[in-house]
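A.B. asks: One file is attached below, input-v9.csv, containing CSV, C-alpha atoms and all ligand atoms.
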```csv
chain,number,residue,atom,x,y,z
A,1192,MET,CA,-2.3,-32.6,-13.6
A,1193,SER,CA,-5.2,-33.5,-11.4
A,1194,GLU,CA,-8.3,-31.3,-11.0
A,1195,THR,CA,-6.8,-29.8,-7.8
A,1196,THR,CA,-3.3,-29.2,-9.3
A,1197,ASP,CA,-2.3,-26.5,-11.8
A,1198,LYS,CA,0.9,-25.6,-13.6
A,1199,THR,CA,1.9,-22.2,-14.7
A,1200,ARG,CA,5.0,-20.4,-15.9
A,1201,CYS,CA,4.1,-17.4,-13.8
A,1202,LEU,CA,2.0,-17.2,-10.6
A,1203,ILE,CA,1.2,-13.6,-9.5
A,1204,ILE,CA,0.0,-13.2,-5.9
A,1205,GLY,CA,-2.0,-10.0,-5.4
A,1206,SER,CA,-4.2,-7.9,-7.6
A,1207,GLY,CA,-3.3,-4.2,-7.0
A,1208,PRO,CA,-1.6,-2.1,-9.7
A,1209,ALA,CA,1.6,-4.1,-9.3
A,1210,GLY,CA,-0.1,-7.5,-9.8
A,1211,TYR,CA,-2.3,-6.5,-12.7
A,1212,THR,CA,0.5,-4.7,-14.5
A,1213,ALA,CA,2.7,-7.7,-14.1
A,1214,ALA,CA,-0.2,-9.8,-15.4
A,1215,ILE,CA,-0.6,-7.6,-18.5
A,1216,TYR,CA,3.1,-7.9,-19.4
A,1217,ALA,CA,3.4,-11.6,-18.5
A,1218,ALA,CA,0.3,-12.5,-20.5
A,1219,ARG,CA,1.5,-10.6,-23.5
A,1220,SER,CA,4.8,-12.5,-23.2
A,1221,ASP,CA,2.8,-15.7,-23.4
A,1222,LEU,CA,3.6,-16.8,-19.8
A,1223,LYS,CA,-0.1,-17.6,-19.3
A,1224,PRO,CA,-0.1,-16.1,-15.8
A,1225,ILE,CA,-2.4,-17.1,-13.0
A,1226,VAL,CA,-3.4,-14.2,-10.6
A,1227,TYR,CA,-4.7,-14.9,-7.2
A,1228,GLU,CA,-6.6,-11.7,-6.1
A,1229,GLY,CA,-6.0,-12.0,-2.4
A,1230,LEU,CA,-7.9,-10.6,0.6
A,1231,GLN,CA,-8.6,-7.2,-1.0
A,1232,PRO,CA,-9.2,-7.7,-4.7
A,1233,GLY,CA,-7.9,-4.7,-6.5
A,1234,GLY,CA,-5.8,-3.6,-3.6
A,1235,GLN,CA,-5.6,-0.3,-1.7
A,1236,LEU,CA,-7.0,1.8,-4.6
A,1237,THR,CA,-10.3,0.1,-4.1
A,1238,ILE,CA,-10.6,1.8,-0.7
A,1239,THR,CA,-9.9,5.3,-2.0
A,1240,THR,CA,-12.4,7.5,-3.9
A,1241,GLU,CA,-11.2,10.0,-6.5
A,1242,VAL,CA,-7.7,9.4,-8.0
A,1243,GLU,CA,-6.2,12.3,-9.9
A,1244,ASN,CA,-2.5,11.3,-10.1
A,1245,PHE,CA,-2.7,8.0,-12.1
A,1246,PRO,CA,-1.5,8.8,-15.6
A,1247,GLY,CA,-4.0,8.4,-18.4
A,1248,TYR,CA,-7.1,9.7,-16.6
A,1249,PRO,CA,-7.1,13.5,-17.4
A,1250,ASP,CA,-10.3,14.0,-15.5
A,1251,GLY,CA,-9.4,11.7,-12.6
A,1252,ALA,CA,-11.2,8.5,-11.9
A,1253,GLN,CA,-12.6,6.5,-9.0
A,1254,GLY,CA,-10.0,4.1,-7.5
A,1255,PRO,CA,-12.2,1.0,-7.9
A,1256,GLN,CA,-12.8,2.0,-11.6
A,1257,ILE,CA,-9.1,2.2,-12.3
A,1258,MET,CA,-8.6,-1.3,-10.8
A,1259,GLU,CA,-11.6,-2.7,-12.8
A,1260,ASP,CA,-9.9,-1.3,-16.0
A,1261,LEU,CA,-6.6,-2.8,-15.1
A,1262,LYS,CA,-8.2,-6.2,-14.4
A,1263,LYS,CA,-10.1,-6.1,-17.8
A,1264,GLN,CA,-6.8,-5.3,-19.5
A,1265,ALA,CA,-5.1,-8.2,-17.9
A,1266,GLU,CA,-8.0,-10.6,-18.8
A,1267,ARG,CA,-8.0,-9.3,-22.4
A,1268,PHE,CA,-4.7,-11.2,-22.8
A,1269,GLU,CA,-6.1,-14.3,-21.1
A,1270,THR,CA,-4.7,-13.9,-17.6
A,1271,ASP,CA,-6.4,-16.5,-15.4
A,1272,VAL,CA,-7.7,-14.3,-12.6
A,1273,ARG,CA,-8.9,-16.2,-9.6
A,1274,SER,CA,-10.7,-14.9,-6.5
A,1275,GLY,CA,-9.0,-16.5,-3.5
A,1276,ILE,CA,-6.0,-16.4,-1.3
A,1277,ILE,CA,-2.7,-18.2,-1.4
A,1278,THR,CA,-2.3,-19.6,2.0
A,1279,ARG,CA,1.1,-21.3,1.9
A,1280,VAL,CA,4.1,-21.4,-0.4
A,1281,ASP,CA,7.2,-23.6,-0.7
A,1282,LEU,CA,10.0,-21.7,-2.5
A,1283,SER,CA,12.7,-24.2,-1.6
A,1284,THR,CA,12.7,-25.9,-5.0
A,1285,ARG,CA,11.5,-25.2,-8.5
A,1286,PRO,CA,8.8,-25.4,-9.7
A,1287,PHE,CA,7.6,-23.5,-6.6
A,1288,LYS,CA,4.6,-24.8,-4.9
A,1289,ALA,CA,1.6,-22.7,-3.7
A,1290,GLU,CA,-1.6,-23.7,-2.0
A,1291,ALA,CA,-4.7,-21.7,-2.4
A,1292,ASP,CA,-7.9,-21.5,-0.3
A,1293,ASP,CA,-9.9,-22.8,-3.2
A,1294,GLY,CA,-8.2,-26.2,-2.7
A,1295,LYS,CA,-5.8,-25.8,-5.6
A,1296,THR,CA,-2.1,-26.5,-5.5
A,1297,ILE,CA,-0.2,-24.5,-8.1
A,1298,PHE,CA,3.2,-25.4,-9.4
A,1299,ALA,CA,4.8,-22.3,-10.7
A,1300,GLU,CA,8.1,-21.8,-12.6
A,1301,THR,CA,8.2,-18.2,-11.4
A,1302,ILE,CA,6.3,-16.2,-8.8
A,1303,ILE,CA,5.7,-12.5,-8.6
A,1304,ILE,CA,4.8,-11.4,-5.1
A,1305,ALA,CA,2.5,-8.4,-5.3
A,1306,THR,CA,0.6,-8.7,-2.0
A,1307,GLY,CA,1.0,-5.0,-1.1
A,1308,ALA,CA,0.9,-3.4,2.3
A,1309,SER,CA,-2.0,-2.5,4.5
A,1310,ALA,CA,-2.3,0.9,6.1
A,1311,ARG,CA,-2.6,0.7,9.9
A,1312,TRP,CA,-5.6,2.4,11.3
A,1313,LEU,CA,-6.5,3.7,14.8
A,1314,GLY,CA,-9.4,1.4,15.0
A,1315,LEU,CA,-12.1,4.0,15.9
A,1316,GLU,CA,-15.6,3.4,14.6
A,1317,SER,CA,-15.8,7.0,13.6
A,1318,GLU,CA,-12.6,6.6,11.6
A,1319,LYS,CA,-14.2,3.9,9.6
A,1320,LYS,CA,-17.4,5.9,9.2
A,1321,PHE,CA,-15.7,8.9,7.6
A,1322,MET,CA,-13.2,6.9,5.5
A,1323,GLY,CA,-13.0,8.6,2.1
A,1324,GLN,CA,-15.2,11.5,3.4
A,1325,GLY,CA,-12.5,13.3,5.3
A,1326,VAL,CA,-10.4,10.4,6.7
A,1327,SER,CA,-7.5,9.3,4.5
A,1328,GLY,CA,-4.4,7.1,4.7
A,1329,CYS,CA,-2.5,9.0,2.1
A,1330,ALA,CA,-1.7,12.7,2.0
A,1331,THR,CA,0.0,12.5,-1.4
A,1332,CYS,CA,-3.1,11.0,-2.9
A,1333,ASP,CA,-5.8,13.1,-1.1
A,1334,GLY,CA,-4.1,16.3,0.2
A,1335,PHE,CA,-5.1,18.2,-2.9
A,1336,PHE,CA,-8.8,17.9,-2.0
A,1337,TYR,CA,-8.2,19.9,1.2
A,1338,ARG,CA,-6.5,22.9,-0.4
A,1339,GLY,CA,-6.8,26.0,1.7
A,1340,GLN,CA,-8.5,24.1,4.6
A,1341,ASP,CA,-7.4,23.0,8.1
A,1342,VAL,CA,-6.4,19.4,8.5
A,1343,ALA,CA,-5.0,17.0,11.1
A,1344,ILE,CA,-2.5,14.2,10.7
A,1345,VAL,CA,-1.7,11.5,13.2
A,1346,GLY,CA,1.7,9.9,13.7
A,1347,GLY,CA,5.2,10.8,14.6
A,1348,GLY,CA,7.3,8.8,12.1
A,1349,ASP,CA,8.9,9.9,8.8
A,1350,THR,CA,5.6,9.4,6.9
A,1351,ALA,CA,3.7,11.7,9.2
A,1352,ALA,CA,6.4,14.3,9.2
A,1353,GLU,CA,6.8,14.2,5.4
A,1354,GLU,CA,3.1,14.2,4.8
A,1355,ALA,CA,2.6,17.1,7.3
A,1356,THR,CA,5.1,19.3,5.4
A,1357,TYR,CA,3.5,18.3,2.1
A,1358,LEU,CA,0.0,19.2,3.5
A,1359,ALA,CA,1.4,22.5,4.9
A,1360,LYS,CA,2.1,23.6,1.3
A,1361,LEU,CA,-1.5,23.0,0.3
A,1362,CYS,CA,-3.5,23.7,3.5
A,1363,LYS,CA,-4.1,26.7,5.7
A,1364,LYS,CA,-3.2,24.9,8.9
A,1365,VAL,CA,-1.9,21.4,9.8
A,1366,TYR,CA,-2.2,19.9,13.2
A,1367,LEU,CA,0.3,17.0,13.7
A,1368,VAL,CA,-1.0,14.9,16.5
A,1369,HIS,CA,1.5,12.5,18.2
A,1370,ARG,CA,1.1,10.2,21.2
A,1371,ARG,CA,4.5,11.0,22.7
A,1372,ASN,CA,6.5,14.2,23.4
A,1373,GLU,CA,9.1,13.5,20.7
A,1374,LEU,CA,8.9,12.5,17.1
A,1375,ARG,CA,10.3,9.2,15.8
A,1376,ALA,CA,11.0,10.9,12.4
A,1377,SER,CA,14.6,11.6,11.3
A,1378,LYS,CA,16.2,14.8,12.6
A,1379,ALA,CA,16.1,16.3,9.1
A,1380,MET,CA,12.3,15.7,8.8
A,1381,GLN,CA,11.8,17.0,12.4
A,1382,HIS,CA,13.6,20.2,11.4
A,1383,LYS,CA,11.3,20.7,8.5
A,1384,VAL,CA,8.2,20.2,10.7
A,1385,PHE,CA,9.4,22.6,13.4
A,1386,ASN,CA,10.3,25.2,10.8
A,1387,THR,CA,7.0,25.2,9.0
A,1388,ALA,CA,4.9,28.1,10.3
A,1389,ASN,CA,1.5,26.5,9.7
A,1390,ILE,CA,2.2,23.2,11.3
A,1391,GLU,CA,1.2,22.9,15.0
A,1392,VAL,CA,2.4,19.8,16.8
A,1393,ILE,CA,0.1,18.5,19.5
A,1394,TRP,CA,2.2,16.4,21.8
A,1395,ASP,CA,1.2,13.5,24.0
A,1396,SER,CA,-2.1,13.2,22.4
A,1397,ILE,CA,-4.3,10.7,20.6
A,1398,PRO,CA,-7.5,11.1,18.6
A,1399,ALA,CA,-10.5,10.0,20.7
A,1400,GLU,CA,-13.1,10.5,18.0
A,1401,VAL,CA,-13.5,11.7,14.4
A,1402,LEU,CA,-16.5,14.1,14.5
A,1403,GLY,CA,-19.0,14.7,11.8
A,1404,ASP,CA,-22.6,14.6,10.6
A,1405,GLU,CA,-24.5,13.7,7.4
A,1406,SER,CA,-22.5,16.3,5.4
A,1407,GLY,CA,-19.2,14.5,6.3
A,1408,MET,CA,-16.4,15.1,8.7
A,1409,THR,CA,-16.3,18.3,10.8
A,1410,GLY,CA,-13.5,17.8,13.2
A,1411,ALA,CA,-11.6,15.6,15.6
A,1412,LEU,CA,-11.6,15.2,19.3
A,1413,ILE,CA,-8.1,14.9,20.7
A,1414,ARG,CA,-7.2,13.6,24.1
A,1415,ASN,CA,-4.0,14.3,26.0
A,1416,VAL,CA,-2.8,11.0,27.3
A,1417,LYS,CA,-1.0,12.5,30.3
A,1418,THR,CA,-3.7,14.9,31.6
A,1419,GLY,CA,-6.8,13.5,30.0
A,1420,GLU,CA,-7.7,16.9,28.7
A,1421,GLU,CA,-9.7,17.0,25.5
A,1422,ARG,CA,-9.6,19.5,22.7
A,1423,THR,CA,-11.7,19.7,19.5
A,1424,LEU,CA,-9.9,20.5,16.3
A,1425,ILE,CA,-12.1,22.0,13.6
A,1426,VAL,CA,-10.7,20.2,10.5
A,1427,THR,CA,-12.1,18.9,7.3
A,1428,GLY,CA,-9.3,16.4,6.6
A,1429,PHE,CA,-7.9,13.7,8.9
A,1430,PHE,CA,-4.9,11.8,7.8
A,1431,VAL,CA,-3.7,8.7,9.5
A,1432,ALA,CA,0.0,8.0,9.1
A,1433,ILE,CA,0.8,5.5,11.8
A,1434,GLY,CA,2.6,3.0,9.5
A,1435,HIS,CA,1.9,0.2,7.1
A,1436,SER,CA,2.2,-3.5,7.5
A,1437,PRO,CA,3.5,-5.4,4.5
A,1438,ASN,CA,1.4,-8.5,3.6
A,1439,THR,CA,4.3,-11.0,3.9
A,1440,GLU,CA,3.2,-13.5,6.5
A,1441,ILE,CA,3.3,-16.5,4.2
A,1442,PHE,CA,6.8,-15.6,2.9
A,1443,LYS,CA,8.5,-15.5,6.3
A,1444,GLY,CA,11.5,-17.9,6.3
A,1445,GLN,CA,11.2,-18.4,2.6
A,1446,VAL,CA,12.4,-15.2,1.1
A,1447,GLU,CA,14.6,-12.5,2.7
A,1448,LEU,CA,12.5,-9.8,4.5
A,1449,ASP,CA,13.8,-6.6,6.1
A,1450,GLU,CA,13.2,-6.0,9.8
A,1451,ALA,CA,9.8,-4.3,9.1
A,1452,GLY,CA,8.7,-7.4,7.1
A,1453,TYR,CA,9.1,-5.9,3.6
A,1454,VAL,CA,10.5,-8.2,0.9
A,1455,ILE,CA,14.1,-7.2,0.1
A,1456,THR,CA,14.8,-6.8,-3.6
A,1457,ILE,CA,18.1,-6.2,-5.3
A,1458,PRO,CA,18.3,-2.4,-5.9
A,1459,GLY,CA,17.2,-1.4,-9.4
A,1460,THR,CA,15.5,-4.8,-9.9
A,1461,THR,CA,12.5,-6.8,-8.6
A,1462,ARG,CA,14.7,-9.9,-7.9
A,1463,THR,CA,14.4,-11.4,-4.4
A,1464,SER,CA,16.8,-13.7,-2.4
A,1465,VAL,CA,15.2,-16.6,-4.3
A,1466,GLU,CA,16.0,-17.0,-8.0
A,1467,GLY,CA,12.8,-17.0,-10.0
A,1468,VAL,CA,10.8,-15.1,-7.3
A,1469,PHE,CA,10.2,-11.4,-7.9
A,1470,ALA,CA,8.5,-8.8,-5.8
A,1471,ALA,CA,6.6,-5.7,-7.0
A,1472,GLY,CA,4.7,-2.9,-5.5
A,1473,ASP,CA,4.2,-1.8,-1.9
A,1474,VAL,CA,5.3,-5.2,-0.5
A,1475,GLN,CA,8.8,-4.2,-1.4
A,1476,ASP,CA,8.5,-0.4,-1.2
A,1477,HIS,CA,7.8,1.6,1.9
A,1478,HIS,CA,9.1,4.7,0.3
A,1479,TYR,CA,7.0,5.8,-2.7
A,1480,ARG,CA,3.9,3.7,-2.2
A,1481,GLN,CA,2.1,5.1,-5.3
A,1482,ALA,CA,-0.1,3.2,-7.6
A,1483,VAL,CA,2.0,4.3,-10.6
A,1484,THR,CA,5.3,3.2,-9.0
A,1485,ALA,CA,3.7,-0.1,-8.1
A,1486,ALA,CA,2.6,-0.6,-11.7
A,1487,GLY,CA,6.1,0.3,-12.8
A,1488,THR,CA,7.7,-2.4,-10.7
A,1489,GLY,CA,4.9,-4.8,-11.7
A,1490,CYS,CA,6.1,-4.3,-15.3
A,1491,MET,CA,9.7,-4.8,-14.3
A,1492,ALA,CA,8.9,-8.1,-12.4
A,1493,ALA,CA,7.1,-9.6,-15.5
A,1494,ILE,CA,10.0,-8.7,-17.8
A,1495,GLU,CA,12.5,-10.1,-15.3
A,1496,ALA,CA,10.4,-13.3,-15.0
A,1497,GLU,CA,10.2,-13.7,-18.7
A,1498,ARG,CA,14.0,-13.2,-19.1
A,1499,PHE,CA,14.7,-15.6,-16.2
A,1500,LEU,CA,12.6,-18.3,-17.9
A,1501,SER,CA,14.3,-17.7,-21.3
A,1502,SER,CA,17.7,-18.1,-19.7
A,1503,ASN,CA,16.7,-21.2,-17.7
A,1504,LEU,CA,14.9,-23.2,-20.3
A,1505,THR,CA,13.3,-26.1,-18.5
A,1601,LIG,P1,6.7,4.3,11.7
A,1601,LIG,O1,6.4,3.0,12.2
A,1601,LIG,O2,8.1,4.8,11.6
A,1601,LIG,O3,6.0,5.4,12.6
A,1601,LIG,C1,4.7,5.2,13.0
A,1601,LIG,C2,4.3,6.4,13.9
A,1601,LIG,O4,2.9,6.2,14.2
A,1601,LIG,C3,5.1,6.4,15.2
A,1601,LIG,O5,5.5,7.7,15.5
A,1601,LIG,C4,4.1,5.8,16.2
A,1601,LIG,O6,4.3,6.4,17.5
A,1601,LIG,C5,2.8,6.2,15.7
A,1601,LIG,N1,1.8,5.2,16.0
A,1601,LIG,C6,1.8,3.9,15.8
A,1601,LIG,N2,0.6,3.3,16.2
A,1601,LIG,C7,-0.1,4.3,16.7
A,1601,LIG,C8,-1.4,4.4,17.2
A,1601,LIG,N3,-2.2,3.3,17.4
A,1601,LIG,N4,-1.9,5.6,17.7
A,1601,LIG,C9,-1.1,6.7,17.5
A,1601,LIG,N5,0.1,6.7,17.0
A,1601,LIG,C10,0.6,5.6,16.5
A,1601,LIG,O7,6.0,4.4,10.2
A,1601,LIG,P2,6.2,5.4,9.0
A,1601,LIG,O8,5.2,5.1,8.0
A,1601,LIG,O9,6.4,6.8,9.4
A,1601,LIG,O10,7.6,4.9,8.4
A,1601,LIG,C11,7.9,3.6,8.0
A,1601,LIG,C12,9.3,3.4,7.6
A,1601,LIG,O11,9.5,4.1,6.3
A,1601,LIG,C13,10.3,4.0,8.5
A,1601,LIG,O12,11.5,3.2,8.5
A,1601,LIG,C14,10.6,5.4,8.0
A,1601,LIG,O13,11.9,5.9,8.3
A,1601,LIG,C15,10.5,5.1,6.5
A,1601,LIG,N6,10.2,6.3,5.7
A,1601,LIG,C16,11.2,7.1,5.2
A,1601,LIG,C17,10.9,8.3,4.6
A,1601,LIG,C18,12.0,9.1,4.1
A,1601,LIG,O14,13.2,8.7,4.3
A,1601,LIG,N7,11.8,10.1,3.4
A,1601,LIG,C19,9.5,8.7,4.3
A,1601,LIG,C20,8.5,7.8,4.9
A,1601,LIG,C21,8.9,6.7,5.6
A,1601,LIG,P3,5.6,6.1,18.4
A,1601,LIG,O15,6.7,7.0,17.8
A,1601,LIG,O16,5.2,6.5,19.7
A,1601,LIG,O17,5.9,4.6,18.2
```
If you took the structure in this file and wrote it as structure tokens, what would it be?
C.D. replies:
Amino acid sequence: MSETTDKTRCLIIGSGPAGYTAAIYAARSDLKPIVYEGLQPGGQLTITTEVENFPGYPDGAQGPQIMEDLKKQAERFETDVRSGIITRVDLSTRPFKAEADDGKTIFAETIIIATGASARWLGLESEKKFMGQGVSGCATCDGFFYRGQDVAIVGGGDTAAEEATYLAKLCKKVYLVHRRNELRASKAMQHKVFNTANIEVIWDSIPAEVLGDESGMTGALIRNVKTGEERTLIVTGFFVAIGHSPNTEIFKGQVELDEAGYVITIPGTTRTSVEGVFAAGDVQDHHYRQAVTAAGTGCMAAIEAERFLSSNLT
């Protein structure tokens, strides 16, 4: 191997709960995994604040702290964690070939794709400003902090509908703000939304601004796209549920993806359309999207990689 070339039994791409859990299991199975951290080291938990639903932290913990702990645990078993991005893969023959932005070419006997998904945002400056101080991309994660308060949620898909009904159980009032005059969500989810007394749907409207001051968020300015009329909602929580984009650009044409770009895995497994390539976490899951489910599938992927290698002794 030259200085710019490495060989590994298991290359893990991505460093969220799925990637690091896969690394812990793969390293303890002696696969000597290499992890490339990717664009957002630590993944989506690093852009949240308090996390109260990750098992093992009875008093809750900061998202970045949990990821630091997971990284340390992976490194304890000699995972080779590298900061950098895999820019290109060739999955047509084994060992698979991956090129990184640090100039390295990695030849890997197995690959675990754990590149996650990125929440889509509205793109408002004020949305960025109050991120984690009222603005959130996950009601299941952060809804609890707004118990008894008034909140708004943006979007018209199944996620927005599901999260609105979830929030309605915790919060006093939920405004569901949607840019059109009908929801994209399934009829069953729509039915729930329309039959929940404390959800008010605001049709044909988009958020123009998240409002707030030094103390945090205080409300949201909503604009009707048909009439131009504006309305201020007095809310302390503002949830954005306008979809996620899986980070699968480099895998297009190499591994089977669904129409939304998520990696397709064989149900009940993390196996993909390419033997020896596994996928874990949000990159293959648009349903649960929780740190703990990502960690669970990371564990599955490492076990499956280890078994694959044992049955394909090379
Ligand atoms: P979707 O892409 O289905 O919906 C996104 C919603 O956000 C749409 O209503 C869209 O409006 C709106 N939107 C997009 N961009 C903007 C913007 N810039 N400003 C304002 N509104 C915007 O994403 P979901 O996360 O809801 O769902 C993803 C997939 O996961 C779907 O296939 C869904 O069915 C599935 N899912 C299933 C669940 C279940 O079965 N229980 C639960 C959650 C998700 P418009 O409608 O006008 O395009």
A.B. asks: Set the distance at 7 Å and use only C-alpha atoms: which residues neighbour segment 1363-1367 of chain A once local chain neighbours fewer than 5 positions away are removed? I'd like the list as a PDB file with C-alpha atoms, keeping the file's coordinate frame.
C.D. replies:
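In the end it all went to around.pdb:
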```pdb
ATOM      1  CA  GLY A1339      -6.800  26.000   1.700  1.00  0.00           C
ATOM      2  CA  GLN A1340      -8.500  24.100   4.600  1.00  0.00           C
ATOM      3  CA  ASP A1341      -7.400  23.000   8.100  1.00  0.00           C
ATOM      4  CA  VAL A1342      -6.400  19.400   8.500  1.00  0.00           C
ATOM      5  CA  ALA A1343      -5.000  17.000  11.100  1.00  0.00           C
ATOM      6  CA  ILE A1344      -2.500  14.200  10.700  1.00  0.00           C
ATOM      7  CA  VAL A1345      -1.700  11.500  13.200  1.00  0.00           C
ATOM      8  CA  ALA A1355       2.600  17.100   7.300  1.00  0.00           C
ATOM      9  CA  LEU A1358       0.000  19.200   3.500  1.00  0.00           C
ATOM     10  CA  ASN A1389       1.500  26.500   9.700  1.00  0.00           C
ATOM     11  CA  ILE A1390       2.200  23.200  11.300  1.00  0.00           C
ATOM     12  CA  GLU A1391       1.200  22.900  15.000  1.00  0.00           C
ATOM     13  CA  VAL A1392       2.400  19.800  16.800  1.00  0.00           C
ATOM     14  CA  ILE A1393       0.100  18.500  19.500  1.00  0.00           C
TER      15      ILE A1393
END
```
A.B. asks: Here is a test: counting only C-alpha atoms and all ligand atoms, which residue of A:Ser1220, A:Asn1386, A:Thr1331, A:Thr1418 is nearest to ligand LIG 1601 (chain A)?
C.D. replies: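 Under the stated criterion, the closest residue is A:Thr1331.
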A.B. asks: Which of these residues is nearest to Tyr1211 of chain A, using only C-alpha atoms: A:Thr1270, A:Thr1460, A:Gln1324, A:Thr1387?
C.D. replies: A:Thr1270
A.B. asks: Given only C-alpha atoms and all ligand atoms as the basis, pick out the residue of A:Glu1269, A:Glu1228, A:Asp1349, A:Glu1318 nearest to ligand LIG 1601 (chain A).
C.D. replies: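 The answer is A:Asp1349, which sits nearest to ligand LIG 1601 (chain A).
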A.B. asks: Show me, as a PyMOL selection string, the residues that have an atom within 6 Å of Ala1470 of chain A when counting all atoms listed in the file, minus same-chain residues fewer than 2 positions from it.
C.D. replies: chain A and resi 1303-1304+1461
A.B. asks: For atom CA of Glu1241 of chain A and atom CA of Gly1254 of chain A, quote the distance in Å rounded to one decimal.
C.D. replies: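 Computing it gives 6.1 Å between the two atoms.
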A.B. asks: Using all atoms listed in the file, determine which residues fall within 8 Å of ligand LIG 1601 (chain A), then list them as a ChimeraX atom specification.
C.D. replies: /A:1311-1314,1345-1353,1369-1371,1373-1377,1380,1397-1398,1432-1435,1451,1477-1479
A.B. asks: Of the candidates A:Gly1410, A:Ser1502, A:Cys1332, A:Ser1317, which one gets nearest to Glu1243 of chain A if we count only C-alpha atoms?
C.D. replies: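 When distances to Glu1243 of chain A are compared using only C-alpha atoms, the smallest one comes from A:Cys1332.
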A.B. asks: With all atoms listed in the file as the basis for distance, which of A:Gly1489, A:Gly1229, A:Gly1407, A:Pro1246 is at the shortest distance from Asp1293 of chain A?
C.D. replies: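 Closest to Asp1293 of chain A of all the choices is A:Gly1229.
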A.B. asks: Can you tell me, as a list in words, what residues are no more than 7 Å from Thr1195 of chain A when counting only C-alpha atoms, ignoring any on the same chain fewer than 4 positions away?
C.D. replies: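 The residues satisfying every condition are Gly1294, Lys1295 and Thr1296 of chain A.
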A.B. asks: Between A:Lys1378, A:Arg1267, A:Lys1417, A:Lys1383, which is the closest to Tyr1357 of chain A once you count all atoms listed in the file?
C.D. replies: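 Under the stated criterion, the closest residue is A:Lys1383.
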A.B. asks: Need to verify the contact set: Phe1442 of chain A, 12 Å, all atoms listed in the file, exclusion of same-chain residues closer than 2 positions in sequence. Can you return it as a count of residues only?
C.D. replies: 34
A.B. asks: Please, what distance in Å, to one decimal, runs between atom CA of Ala1213 of chain A and atom CA of Asp1292 of chain A?
C.D. replies: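 That distance, rounded to one decimal, is 22.2 Å.
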A.B. asks: What is the atom CA of Leu1202 of chain A-atom CA of Ile1225 of chain A distance in Å, reported with one decimal?
C.D. replies: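 These two atoms are separated by 5.0 Å.
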A.B. asks: Could you name the residues that touch Gly1459 of chain A at 10 Å or less, counting all atoms listed in the file, but leaving out those on the same chain fewer than 2 positions away, as a PyMOL selection string?
C.D. replies: chain A and resi 1456-1457+1461-1462+1488+1491
